[in-house]
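Here is the file target_5.cif (mmCIF, C-alpha atoms).
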```
data_my_file
#
loop_
_atom_site.label_atom_id
_atom_site.label_comp_id
_atom_site.auth_asym_id
_atom_site.auth_seq_id
_atom_site.Cartn_x
_atom_site.Cartn_y
_atom_site.Cartn_z
CA MET E 24 63.99 25.78 210.33
CA ILE E 25 61.29 27.01 207.95
CA GLY E 26 59.29 29.94 209.34
CA ARG E 27 55.54 29.60 209.38
CA PHE E 28 55.13 32.82 207.40
CA ASP E 29 57.99 32.21 204.95
CA PRO E 30 55.67 31.72 201.96
CA ALA E 31 54.27 35.23 202.54
CA LEU E 32 57.59 37.06 202.72
CA THR E 33 58.52 37.24 199.06
CA GLY E 34 55.36 38.85 197.72
CA GLY E 35 53.61 35.83 196.24
CA ALA E 36 49.93 35.00 196.68
CA CYS E 37 49.28 33.57 200.14
CA TRP E 38 46.21 32.95 202.27
CA VAL E 39 45.40 32.28 205.91
CA ARG E 40 43.04 29.38 206.53
CA THR E 41 41.29 29.45 209.91
CA ALA E 42 40.10 26.40 211.79
CA ASP E 43 36.49 27.32 211.04
CA GLY E 44 37.19 27.20 207.29
CA ASP E 45 37.61 30.87 206.38
CA ARG E 46 40.31 31.67 203.82
CA VAL E 47 41.68 35.22 203.83
CA PRO E 48 44.36 36.65 201.51
CA LEU E 49 47.44 38.07 203.20
CA PRO E 50 48.67 41.59 202.28
CA THR E 51 52.07 40.35 201.17
CA SER E 52 52.81 43.40 199.00
CA ARG E 53 52.11 45.70 201.93
CA TRP E 54 54.47 43.72 204.14
CA LEU E 55 57.29 44.14 201.64
CA GLY E 56 56.74 47.89 201.32
CA GLY E 57 59.02 49.85 199.00
CA ASP E 58 57.65 50.20 195.48
CA ARG E 59 54.76 47.92 196.39
CA ALA E 60 53.44 50.27 199.08
CA THR E 61 50.29 52.29 198.46
CA ALA E 62 49.72 55.82 199.76
CA ALA E 63 47.53 54.30 202.51
CA ASP E 64 50.30 51.85 203.48
CA ILE E 65 52.79 54.71 203.73
CA ARG E 66 50.47 56.72 206.00
CA VAL E 67 50.10 53.81 208.40
CA ASP E 68 53.82 52.99 208.40
CA SER E 69 54.59 56.61 209.16
CA ALA E 70 52.20 56.52 212.13
CA LEU E 71 53.73 53.27 213.39
CA VAL E 72 57.27 54.65 213.57
CA SER E 73 56.87 58.43 213.88
CA CYS E 74 57.13 58.45 217.68
CA CYS E 75 60.14 56.14 217.73
CA ASP E 76 63.07 58.43 218.52
CA GLY E 77 65.09 55.93 220.54
CA PRO E 78 66.09 52.26 220.40
CA THR E 79 63.22 50.28 218.87
CA VAL E 80 62.61 46.55 218.54
CA ASP E 81 60.22 45.29 215.85
CA LEU E 82 58.71 42.00 217.01
CA GLY E 83 57.78 39.73 214.12
CA CYS E 84 59.56 42.10 211.75
CA GLY E 85 58.81 40.06 208.62
CA PRO E 86 60.71 41.45 205.63
CA GLY E 87 61.91 44.41 207.68
CA ARG E 88 60.38 47.48 206.08
CA LEU E 89 59.83 49.24 209.44
CA VAL E 90 63.30 48.40 210.78
CA ALA E 91 64.82 49.73 207.56
CA ALA E 92 62.74 52.92 207.75
CA LEU E 93 63.95 53.57 211.30
CA CYS E 94 67.57 52.92 210.36
CA ARG E 95 67.30 55.42 207.50
CA ARG E 96 66.24 58.00 210.10
CA GLY E 97 69.26 57.20 212.22
CA VAL E 98 67.24 55.42 214.92
CA MET E 99 68.79 52.33 216.47
CA ALA E 100 66.43 49.48 215.55
CA LEU E 101 66.40 45.70 215.53
CA GLY E 102 64.10 43.22 213.84
CA VAL E 103 63.16 39.96 215.56
CA ASP E 104 61.57 37.04 213.73
CA ILE E 105 61.68 33.26 213.89
CA SER E 106 61.72 33.07 210.08
CA PRO E 107 65.15 32.76 208.42
CA THR E 108 63.62 34.21 205.26
CA ALA E 109 62.45 37.28 207.17
CA ILE E 110 65.90 37.74 208.67
CA ALA E 111 67.60 37.37 205.28
CA VAL E 112 65.29 39.88 203.58
CA THR E 113 65.62 42.38 206.44
CA ARG E 114 69.40 42.15 206.39
CA HIS E 115 69.40 42.48 202.60
CA ARG E 116 67.70 45.88 203.15
CA GLY E 117 70.71 46.84 205.27
CA ALA E 118 68.81 46.60 208.57
CA PRO E 119 69.81 44.45 211.56
CA ALA E 120 67.69 41.47 212.56
CA VAL E 121 68.07 38.37 214.71
CA PRO E 122 66.39 34.95 214.33
CA ARG E 123 64.79 34.60 217.74
CA ASP E 124 61.54 33.62 219.41
CA VAL E 125 59.87 36.68 220.94
CA PHE E 126 59.31 34.72 224.16
CA GLY E 127 62.94 33.68 224.50
CA PRO E 128 66.03 35.71 225.45
CA LEU E 129 66.48 38.81 223.27
CA PRO E 130 69.18 41.47 222.95
CA GLY E 131 68.47 44.57 225.01
CA ASP E 132 65.94 42.93 227.33
CA GLY E 133 64.52 45.62 229.60
CA ARG E 134 66.24 48.50 227.76
CA TRP E 135 64.23 49.16 224.60
CA HIS E 136 62.52 52.54 224.40
CA TYR E 137 59.91 51.32 221.89
CA ALA E 138 58.49 48.00 220.70
CA LEU E 139 56.48 47.50 217.54
CA LEU E 140 53.71 44.93 217.03
CA ALA E 141 52.56 45.78 213.52
CA ASP E 142 50.65 43.88 210.83
CA GLY E 143 48.54 41.89 213.27
CA ASN E 144 51.49 40.69 215.36
CA ILE E 145 49.45 41.09 218.54
CA GLY E 146 48.47 37.56 217.48
CA ILE E 147 51.93 36.03 218.03
CA GLY E 148 51.65 32.95 220.21
CA GLY E 149 47.86 32.99 220.29
CA ASP E 150 47.73 34.85 223.64
CA PRO E 151 47.69 38.70 223.62
CA HIS E 152 47.97 38.89 227.40
CA ARG E 153 51.11 36.74 227.48
CA LEU E 154 52.61 38.65 224.55
CA LEU E 155 52.02 42.10 226.05
CA ARG E 156 53.49 41.00 229.38
CA ARG E 157 56.58 39.87 227.46
CA VAL E 158 56.73 43.23 225.68
CA ALA E 159 56.53 45.01 229.05
CA ARG E 160 59.63 43.12 230.19
CA LEU E 161 61.47 44.06 226.98
CA LEU E 162 60.88 47.77 227.47
CA ARG E 163 62.71 50.12 229.77
CA PRO E 164 60.56 51.75 232.48
CA ASP E 165 57.93 53.95 230.78
CA GLY E 166 58.81 52.52 227.36
CA VAL E 167 56.11 52.54 224.69
CA ALA E 168 54.61 49.70 222.66
CA VAL E 169 53.07 50.65 219.32
CA VAL E 170 50.48 47.99 218.54
CA GLU E 171 48.24 47.37 215.55
CA PHE E 172 44.83 45.97 216.49
CA ALA E 173 41.92 44.55 214.49
CA ALA E 174 38.79 46.51 213.59
CA PRO E 175 36.43 47.48 216.41
CA GLY E 176 33.63 45.08 217.22
CA THR E 177 35.56 41.93 216.29
CA GLY E 178 36.44 41.02 219.89
CA ILE E 179 39.37 38.84 220.89
CA ARG E 180 39.68 35.59 218.97
CA ILE E 181 42.19 32.84 219.58
CA GLN E 182 42.25 30.05 217.03
CA GLU E 183 44.40 27.73 214.97
CA ILE E 184 45.46 28.99 211.55
CA ARG E 185 47.66 27.80 208.72
CA LEU E 186 49.18 29.40 205.63
CA GLU E 187 48.32 28.23 202.12
CA THR E 188 49.78 29.04 198.73
CA HIS E 189 49.00 27.61 195.31
CA ALA E 190 51.71 25.00 195.93
CA ARG E 191 51.94 24.49 199.67
CA THR E 192 49.84 24.02 202.81
CA GLY E 193 51.48 24.79 206.15
CA ASP E 194 50.94 23.32 209.58
CA TRP E 195 48.34 24.61 212.01
CA PHE E 196 49.54 26.98 214.75
CA PRO E 197 47.87 29.26 217.32
CA TRP E 198 47.16 32.88 216.46
CA ALA E 199 45.05 35.65 217.97
CA GLU E 200 43.16 38.75 216.91
CA ALA E 201 42.30 41.57 219.27
CA ALA E 202 40.00 44.45 218.35
CA ILE E 203 41.02 48.04 219.00
CA ASP E 204 38.12 48.53 221.40
CA HIS E 205 39.81 45.97 223.68
CA ALA E 206 43.11 47.88 223.72
CA GLY E 207 42.37 49.67 226.99
CA ALA E 208 41.39 46.52 228.86
CA LEU E 209 44.35 44.56 227.51
CA ALA E 210 46.68 47.39 228.49
CA ALA E 211 45.32 47.55 232.03
CA GLU E 212 45.48 43.78 232.45
CA THR E 213 49.13 43.58 231.36
CA GLY E 214 50.63 46.55 233.19
CA PHE E 215 50.36 49.14 230.43
CA GLU E 216 48.64 52.49 230.22
CA LEU E 217 46.72 53.26 227.03
CA LEU E 218 48.09 56.57 225.74
CA GLY E 219 45.87 56.82 222.67
CA THR E 220 44.48 55.16 219.58
CA ALA E 221 44.09 56.12 215.94
CA GLY E 222 42.26 54.84 212.91
CA ILE E 223 44.34 55.39 209.78
CA SER E 224 43.42 54.19 206.30
CA GLY E 225 41.12 51.55 207.75
CA ARG E 226 43.73 50.21 210.18
CA HIS E 227 43.85 50.65 213.93
CA LEU E 228 46.82 51.57 216.11
CA ALA E 229 47.33 52.02 219.83
CA TRP E 230 50.16 53.45 221.88
CA LEU E 231 50.72 51.74 225.24
CA ARG E 232 53.09 53.02 227.90
CA GLY E 233 54.72 50.38 230.05
CA PRO E 234 55.02 50.44 233.81
CA ALA E 235 57.56 52.64 235.55
CA GLU E 236 59.14 49.40 236.85
CA THR E 237 58.66 45.94 235.29
#
```
Do you think you could lay out the structure here as structure tokens?
Amino acid sequence: MIGRFDPALTGGACWVRTADGDRVPLPTSRWLGGDRATAADIRVDSALVSCCDGPTVDLGCGPGRLVAALCRRGVMALGVDISPTAIAVTRHRGAPAVPRDVFGPLPGDGRWHYALLADGNIGIGGDPHRLLRRVARLLRPDGVAVVEFAAPGTGIRIQEIRLETHARTGDWFPWAEAAIDHAGALAAETGFELLGTAGISGRHLAWLRGPAET
């Protein structure tokens, strides 16, 4: 199976085309991290993983930079992605990853201390409510989801998108964006408690604590 985001996982030029015709470049260098990371990228990555001191699952791990960073700190971590390219790149970094659908059975269901939804992955499946409810079931009681949201004022948008490169056009699939000012409402509607938010280098993070019992 070819992953929908495979063209973006090796650092080449790649764009998202939305159903309304917008074409937006993807930050493929940022996703790869390492020598390609800017000082701003490093600050955000540090914020994403700094609280993770126990078993952490990275949902939509892409090329695995966050899983690898956690493993270097001695934190048990696992990447999850439907893309075989993502899994191969993550494993090449020396980090564990499994080729699974977030909504299907996953290792450690109900026992993860932390879950990461970075790089816009709140959009997975085109339904933030469904995704966050799934994350709640993945976490142990009182586990924490670290979620990257879109800029304030952009609302919640669900639409069809596709990936484009100079040589290839992908299929349409559903994706979502959710603005940081909706984090509290989304948390409350999916069984989470909003612990806090932060704006770092123009990006927006939220920390959500799951229910005591799922």
For Val170 in chain E, the nearest of the candidates E:Val98, E:Cys84, E:Val121, E:Leu71, counting all atoms listed in the file: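 Result for the nearest residue to Val170 in chain E: E:Leu71.
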Where is the centre and how long are the edges: axis-aligned box on range 143-148 of chain E, 4 Å on each side, Å to one decimal, as lines of an AutoDock Vina configuration file:
```
center_x = 50.2
center_y = 37.4
center_z = 216.7
size_x = 11.5
size_y = 16.9
size_z = 14.9
```
Mind dumping a table of every range 74-120 of chain E residue within 12 Å of range 156-161 of chain E, with the nearest atom pair and its distance in Å to one decimal, using all atoms listed in the file, sorted by chain and rising number, as a Markdown table?
```
| residue | atom | partner | partner_atom | distance |
| --- | --- | --- | --- | --- |
| E:Pro78 | CA | E:Leu161 | CA | 11.5 |
| E:Thr79 | CA | E:Leu161 | CA | 10.4 |
| E:Val80 | CA | E:Leu161 | CA | 8.9 |
| E:Asp81 | CA | E:Val158 | CA | 10.6 |
| E:Leu82 | CA | E:Val158 | CA | 9.0 |
```
Residue nearest Gly77 in chain E among E:Val112, E:Val167, E:Leu49, E:Leu155 (counting all atoms listed in the file):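 Between E:Val112, E:Val167, E:Leu49, E:Leu155, the residue approaching Gly77 in chain E most closely is E:Val167.
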Answer key for the PyMOL selection byres ((chain E and resi 73-75) around 12), residues as a ChimeraX atom specification: /E:65-72,76-81,89-90,92-94,96-100,135-139,166-169,229-231
Proximity to Ala174 in chain E - best of E:Gly222, E:Gly83, E:Gly148, E:Pro197, only C-alpha atoms: E:Gly222
Selected residue of minimal separation from Ala199 in chain E among E:Glu216, E:Asp165, E:Glu171, E:Asp150, counting all atoms listed in the file: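 Answer, going by the shortest atom-to-atom distance: E:Asp150.
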Surrounding residues of Gly56 in chain E excluding itself and chain neighbours under 2 positions, 9 Å, only C-alpha atoms, as a VMD selection string: chain E and resid 51 to 54 58 to 61 64 to 65 86 to 89
Residue neighbourhood Thr41 in chain E, 9 Å, only C-alpha atoms, exclusion window fewer than 2 positions, as a VMD selection string: chain E and resid 39 43 to 47 182 to 186 195
Result set, the PyMOL selection byres ((chain E and resi 235) around 6) on current file, as a list of chain:residue names: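 On the file shown, the PyMOL selection byres ((chain E and resi 235) around 6) covers E:Pro164, E:Asp165, E:Pro234, E:Glu236.
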Could I see range 168-179 of chain E restored to all heavy atoms, set down as a compact mmCIF listing (two decimals), keeping the file's coordinate frame?
```
# COMPACT_ATOMS: atom_id res chain seq x y z
N ALA E 168 54.92 50.70 223.68
CA ALA E 168 54.61 49.70 222.66
C ALA E 168 53.64 50.31 221.66
O ALA E 168 52.62 50.91 222.06
CB ALA E 168 54.00 48.46 223.28
N VAL E 169 53.95 50.21 220.40
CA VAL E 169 53.07 50.65 219.32
C VAL E 169 52.46 49.40 218.70
O VAL E 169 53.18 48.58 218.14
CB VAL E 169 53.82 51.47 218.26
CG1 VAL E 169 52.83 52.04 217.24
CG2 VAL E 169 54.64 52.59 218.91
N VAL E 170 51.14 49.26 218.84
CA VAL E 170 50.48 47.99 218.54
C VAL E 170 49.37 48.21 217.53
O VAL E 170 48.55 49.11 217.69
CB VAL E 170 49.89 47.37 219.83
CG1 VAL E 170 49.29 45.99 219.53
CG2 VAL E 170 50.95 47.26 220.92
N GLU E 171 49.35 47.37 216.50
CA GLU E 171 48.24 47.37 215.55
C GLU E 171 47.19 46.35 216.00
O GLU E 171 47.53 45.19 216.26
CB GLU E 171 48.72 47.05 214.14
CG GLU E 171 47.61 47.12 213.12
CD GLU E 171 48.08 47.03 211.68
OE1 GLU E 171 49.32 47.03 211.45
OE2 GLU E 171 47.21 46.95 210.79
N PHE E 172 45.95 46.81 216.07
CA PHE E 172 44.83 45.97 216.49
C PHE E 172 43.89 45.74 215.31
O PHE E 172 43.99 46.39 214.27
CB PHE E 172 44.06 46.63 217.63
CG PHE E 172 44.74 46.54 218.97
CD1 PHE E 172 45.72 47.47 219.32
CD2 PHE E 172 44.43 45.54 219.87
CE1 PHE E 172 46.35 47.40 220.55
CE2 PHE E 172 45.06 45.46 221.10
CZ PHE E 172 46.03 46.39 221.45
N ALA E 173 42.95 44.82 215.49
CA ALA E 173 41.92 44.55 214.49
C ALA E 173 40.81 45.59 214.59
O ALA E 173 40.78 46.43 215.51
CB ALA E 173 41.36 43.14 214.69
N ALA E 174 39.89 45.54 213.66
CA ALA E 174 38.79 46.51 213.59
C ALA E 174 37.91 46.41 214.84
O ALA E 174 37.78 45.34 215.44
CB ALA E 174 37.95 46.27 212.35
N PRO E 175 37.30 47.52 215.24
CA PRO E 175 36.43 47.48 216.41
C PRO E 175 35.25 46.54 216.19
O PRO E 175 34.79 46.34 215.06
CB PRO E 175 35.96 48.94 216.57
CG PRO E 175 36.17 49.55 215.24
CD PRO E 175 37.34 48.86 214.64
N GLY E 176 34.79 45.95 217.29
CA GLY E 176 33.63 45.08 217.22
C GLY E 176 33.93 43.64 216.90
O GLY E 176 33.02 42.81 216.87
N THR E 177 35.21 43.31 216.66
CA THR E 177 35.56 41.93 216.29
C THR E 177 36.02 41.12 217.49
O THR E 177 36.29 39.92 217.36
CB THR E 177 36.65 41.92 215.21
OG1 THR E 177 37.79 42.67 215.67
CG2 THR E 177 36.14 42.53 213.92
N GLY E 178 36.13 41.74 218.67
CA GLY E 178 36.44 41.02 219.89
C GLY E 178 37.86 40.52 219.95
O GLY E 178 38.75 41.00 219.25
N ILE E 179 38.09 39.54 220.79
CA ILE E 179 39.37 38.84 220.89
C ILE E 179 39.13 37.39 220.48
O ILE E 179 38.28 36.72 221.06
CB ILE E 179 39.94 38.91 222.31
CG1 ILE E 179 40.24 40.37 222.70
CG2 ILE E 179 41.21 38.06 222.42
CD1 ILE E 179 40.76 40.53 224.11
```
